[in-house]
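Asks: Sending over a structure as structure tokens; questions will come in a sec.
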Amino acid sequence: MNTQERLGRTFSALVDPTRRAILARLERSDGASVSELAQPFAIRLPAVMKHLDVLADAGLVTRSKSGRTVTVRLRPQPMREAMDWLRRYERFWSKSLDRLAVLAEAKEAEARRKGR
Amino acid sequence: MTSLTLVRRIKARPSIVFDAVTTAEGIAQWWGPDAGPVLRAEADVRVGGRYRVRFRLLDGTEHESSGEYLEIVRPERVVMSWRWEGGQEDPGQSRLEIRLRAIPEGTELTLTHALLHDDDTRRSHEHGWSGALDKLQAHFADSRQGSET
């Protein structure tokens, strides 16, 4: 899977508010069991399992089984890629817009000098 | 929010900003992430027309982005598709929108650069999920502490 496909998966996994809430919950702890994750939501365990499948496919969580307990942990790498994408364009546009502002302001001053 | 949004206030009227954004002559003077030169700028500003900008960075590497004008409302709004030539930087297609609003001191410019490369992402645009990346940003602000030089 290339970067772009991974980015797409990350972003689409994050579309769902329940999945975002699960990630937010995992952010605050070093792993949680599936039933702990299901607890705040008014949905059944199988539905939570499905959300976890999507998150795992996107590489956003890992699951490890110990006895009867499955521990879910946040895997931040895909989010980091998403952030890198945003940062790259932020740098590009931030610098570009600085110069655009300088240019437009010079042209405005020129137009005013000419009485337009 | 699968997109980046930047807002700038510019002390120039919207028509002047619009021309700087949409003419090859204007683009040649501001486009690019560092002080390296724009080597070539073409802009056929009409819906369906294309633009192409090639620039050199201070590190000597050359880059080119191009795309199609999707919407033009002079002097308020221009929307274009965006793709890097060669695609090393980012192989997908994205969407760039620049909106201009008259304010007392001149123009408020809002730029939105959105990832747009497959159906999933388009769907996510339609649904919207503001706040998600704010959270991620907070997360990385935390996890990066101490690791940055």
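Every chain in the structure tokens takes a letter, A first, then B, and so on in the order presented; its residues are numbered from 1, and the ligands are numbered from 1 following the presented order.
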Could you please write out, as a list in words, every residue of chain A that DSSP assigns to strand (DSSP E)?
Replies: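 So the strand (DSSP E) residues in chain A would be Ala32, Ser33, Val61, Thr62, Arg63, Ser64, Lys65, Ser66, Thr69, Val70, Thr71, Val72, Arg73 and Leu74 of chain A.
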Asks: Would you kindly report the residues of chain A within 10 Å of chain B, using only C-alpha atoms, as an MDAnalysis selection string?
Replies: chainID A and resid 2:5 7:17 20:21 23:24 27:28 76 79:80 82:83 85:109 111
Asks: Those same residues, written as a short mmCIF file (atom, residue, chain, number, x, y, z; two decimals), in the first residue's frame with N, CA and C atoms?
Replies:
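Okay, this is what ended up in out25.cif:
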```cif
data_model
loop_
_atom_site.label_atom_id
_atom_site.label_comp_id
_atom_site.auth_asym_id
_atom_site.auth_seq_id
_atom_site.Cartn_x
_atom_site.Cartn_y
_atom_site.Cartn_z
N ASN A 2 0.63 2.17 -0.91
CA ASN A 2 1.46 3.37 -0.94
C ASN A 2 0.96 4.42 0.06
N THR A 3 1.75 5.47 0.17
CA THR A 3 1.45 6.50 1.16
C THR A 3 0.04 7.06 0.99
N GLN A 4 -0.28 7.30 -0.29
CA GLN A 4 -1.57 7.93 -0.57
C GLN A 4 -2.73 7.04 -0.14
N GLU A 5 -2.59 5.74 -0.41
CA GLU A 5 -3.64 4.80 0.00
C GLU A 5 -3.73 4.72 1.52
N LEU A 7 -2.91 7.09 3.59
CA LEU A 7 -3.53 8.34 4.04
C LEU A 7 -5.05 8.27 3.89
N GLY A 8 -5.48 7.75 2.73
CA GLY A 8 -6.92 7.62 2.48
C GLY A 8 -7.57 6.74 3.53
N ARG A 9 -6.91 5.63 3.87
CA ARG A 9 -7.45 4.73 4.88
C ARG A 9 -7.52 5.39 6.24
N THR A 10 -6.46 6.12 6.57
CA THR A 10 -6.44 6.81 7.86
C THR A 10 -7.61 7.78 7.94
N PHE A 11 -7.72 8.60 6.88
CA PHE A 11 -8.76 9.62 6.90
C PHE A 11 -10.15 8.99 6.93
N SER A 12 -10.35 7.93 6.16
CA SER A 12 -11.71 7.37 6.14
C SER A 12 -12.02 6.61 7.43
N ALA A 13 -10.99 6.03 8.05
CA ALA A 13 -11.23 5.39 9.35
C ALA A 13 -11.65 6.42 10.39
N LEU A 14 -11.16 7.65 10.21
CA LEU A 14 -11.42 8.69 11.20
C LEU A 14 -12.74 9.42 10.96
N VAL A 15 -13.43 9.09 9.85
CA VAL A 15 -14.69 9.78 9.56
C VAL A 15 -15.73 9.50 10.65
N ASP A 16 -15.72 8.28 11.16
CA ASP A 16 -16.77 7.85 12.07
C ASP A 16 -16.55 8.37 13.50
N PRO A 17 -17.57 9.01 14.10
CA PRO A 17 -17.39 9.60 15.43
C PRO A 17 -17.11 8.56 16.52
N ARG A 20 -13.50 7.73 16.30
CA ARG A 20 -12.69 8.83 16.85
C ARG A 20 -12.72 8.81 18.38
N ALA A 21 -13.89 8.52 18.92
CA ALA A 21 -14.01 8.46 20.39
C ALA A 21 -13.15 7.32 20.94
N LEU A 23 -10.40 6.17 19.62
CA LEU A 23 -8.99 6.60 19.56
C LEU A 23 -8.68 7.61 20.67
N ALA A 24 -9.64 8.51 20.89
CA ALA A 24 -9.43 9.51 21.95
C ALA A 24 -9.29 8.82 23.30
N GLU A 27 -5.94 7.27 23.53
CA GLU A 27 -4.89 8.28 23.71
C GLU A 27 -4.60 8.53 25.18
N ARG A 28 -5.65 8.40 25.97
CA ARG A 28 -5.51 8.73 27.39
C ARG A 28 -4.97 7.57 28.21
N PRO A 76 0.29 5.19 16.61
CA PRO A 76 0.21 6.57 16.09
C PRO A 76 0.82 6.80 14.71
N MET A 79 -1.35 8.32 11.89
CA MET A 79 -1.74 9.70 12.19
C MET A 79 -0.58 10.65 11.92
N ARG A 80 0.61 10.15 12.21
CA ARG A 80 1.80 10.97 11.97
C ARG A 80 1.91 11.28 10.48
N ALA A 82 -0.55 11.44 8.38
CA ALA A 82 -1.60 12.42 8.06
C ALA A 82 -1.15 13.82 8.47
N MET A 83 -0.53 13.90 9.64
CA MET A 83 -0.04 15.20 10.10
C MET A 83 1.08 15.73 9.20
N TRP A 85 1.41 15.19 6.04
CA TRP A 85 0.77 15.70 4.83
C TRP A 85 0.32 17.14 5.05
N LEU A 86 -0.35 17.34 6.17
CA LEU A 86 -0.85 18.69 6.47
C LEU A 86 0.29 19.68 6.66
N ARG A 87 1.33 19.25 7.35
CA ARG A 87 2.45 20.16 7.63
C ARG A 87 3.16 20.58 6.36
N ARG A 88 3.31 19.61 5.43
CA ARG A 88 4.01 19.91 4.19
C ARG A 88 3.30 21.03 3.43
N TYR A 89 1.96 20.89 3.33
CA TYR A 89 1.23 21.92 2.61
C TYR A 89 1.14 23.21 3.42
N GLU A 90 1.16 23.10 4.70
CA GLU A 90 1.13 24.31 5.52
C GLU A 90 2.37 25.15 5.27
N ARG A 91 3.52 24.47 5.19
CA ARG A 91 4.77 25.17 4.93
C ARG A 91 4.71 25.83 3.55
N PHE A 92 4.27 25.02 2.57
CA PHE A 92 4.21 25.52 1.20
C PHE A 92 3.34 26.77 1.12
N TRP A 93 2.14 26.69 1.64
CA TRP A 93 1.18 27.79 1.47
C TRP A 93 1.48 28.97 2.37
N SER A 94 2.01 28.68 3.53
CA SER A 94 2.30 29.77 4.44
C SER A 94 3.34 30.72 3.83
N LYS A 95 4.42 30.14 3.30
CA LYS A 95 5.46 30.96 2.66
C LYS A 95 4.92 31.62 1.40
N SER A 96 4.15 30.87 0.61
CA SER A 96 3.62 31.44 -0.63
C SER A 96 2.71 32.63 -0.33
N LEU A 97 1.84 32.46 0.66
CA LEU A 97 0.89 33.54 0.96
C LEU A 97 1.58 34.77 1.54
N ASP A 98 2.69 34.55 2.25
CA ASP A 98 3.48 35.71 2.72
C ASP A 98 3.88 36.57 1.53
N ARG A 99 4.40 35.90 0.49
CA ARG A 99 4.87 36.66 -0.68
C ARG A 99 3.70 37.22 -1.48
N LEU A 100 2.60 36.46 -1.55
CA LEU A 100 1.42 36.96 -2.24
C LEU A 100 0.94 38.26 -1.59
N ALA A 101 0.94 38.30 -0.26
CA ALA A 101 0.49 39.50 0.45
C ALA A 101 1.39 40.68 0.12
N VAL A 102 2.70 40.45 0.11
CA VAL A 102 3.65 41.53 -0.20
C VAL A 102 3.38 42.07 -1.61
N LEU A 103 3.21 41.15 -2.55
CA LEU A 103 2.96 41.54 -3.94
C LEU A 103 1.66 42.33 -4.07
N ALA A 104 0.57 41.80 -3.50
CA ALA A 104 -0.74 42.46 -3.64
C ALA A 104 -0.73 43.83 -2.96
N GLU A 105 -0.04 43.93 -1.83
CA GLU A 105 0.00 45.21 -1.12
C GLU A 105 0.79 46.24 -1.91
N ALA A 106 1.84 45.81 -2.58
CA ALA A 106 2.61 46.72 -3.44
C ALA A 106 1.75 47.19 -4.61
N LYS A 107 0.97 46.28 -5.17
CA LYS A 107 0.11 46.64 -6.31
C LYS A 107 -1.01 47.59 -5.87
N GLU A 108 -1.51 47.37 -4.66
CA GLU A 108 -2.54 48.26 -4.12
C GLU A 108 -1.97 49.67 -3.95
N ALA A 109 -0.77 49.75 -3.39
CA ALA A 109 -0.14 51.06 -3.18
C ALA A 109 0.07 51.77 -4.52
N ALA A 111 -1.67 51.29 -7.29
CA ALA A 111 -2.98 51.70 -7.82
C ALA A 111 -3.45 52.98 -7.15
#
```
Asks: Find the residues near Tyr69 in chain B: any atom within 9 Å, counting only C-alpha atoms, skip ones fewer than 6 places away on the same chain, and give them as an mmCIF file with C-alpha atoms, in the first residue's frame.
Replies:
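To be explicit, this is the file written out as part.cif:
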```
data_model
loop_
_atom_site.group_PDB
_atom_site.id
_atom_site.type_symbol
_atom_site.label_atom_id
_atom_site.label_comp_id
_atom_site.auth_asym_id
_atom_site.auth_seq_id
_atom_site.Cartn_x
_atom_site.Cartn_y
_atom_site.Cartn_z
ATOM 1 C CA ASP B 44 -5.619 29.644 -18.472
ATOM 2 C CA VAL B 45 -8.161 31.103 -16.090
ATOM 3 C CA ARG B 46 -11.513 29.754 -17.164
ATOM 4 C CA VAL B 47 -13.472 26.743 -15.967
ATOM 5 C CA GLY B 48 -11.824 23.739 -17.583
ATOM 6 C CA GLY B 49 -8.639 25.722 -18.304
ATOM 7 C CA ARG B 50 -5.346 24.545 -16.862
ATOM 8 C CA TYR B 51 -2.541 26.007 -14.822
ATOM 9 C CA VAL B 78 -11.214 30.187 -7.414
ATOM 10 C CA VAL B 79 -11.159 26.394 -7.114
ATOM 11 C CA MET B 80 -8.642 24.176 -8.843
ATOM 12 C CA SER B 81 -7.456 20.616 -8.856
#
```
Asks: For Val70 in chain A, find every residue with an atom within 12 Å (counting only C-alpha atoms), except residues of its own chain fewer than 2 positions away, and show them as a count of residues only.
Replies: 18
Asks: Mind pulling up the distance from CA of Arg40 in chain B to CA of Val53 in chain B?
Replies: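 A separation of 5.7 Å between them.
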Asks: Just give me the gap between CA of Pro37 in chain B and CA of Leu58 in chain B in Å, one decimal is fine.
Replies: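 Atom-to-atom, CA of Pro37 in chain B to CA of Leu58 in chain B, that is 8.3 Å.
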Asks: Counting only C-alpha atoms, which of B:Ser65, B:Trp84, B:Arg54, B:Glu76 gets nearest to Ala28 in chain B?
Replies: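 Nearest to Ala28 in chain B: B:Arg54.
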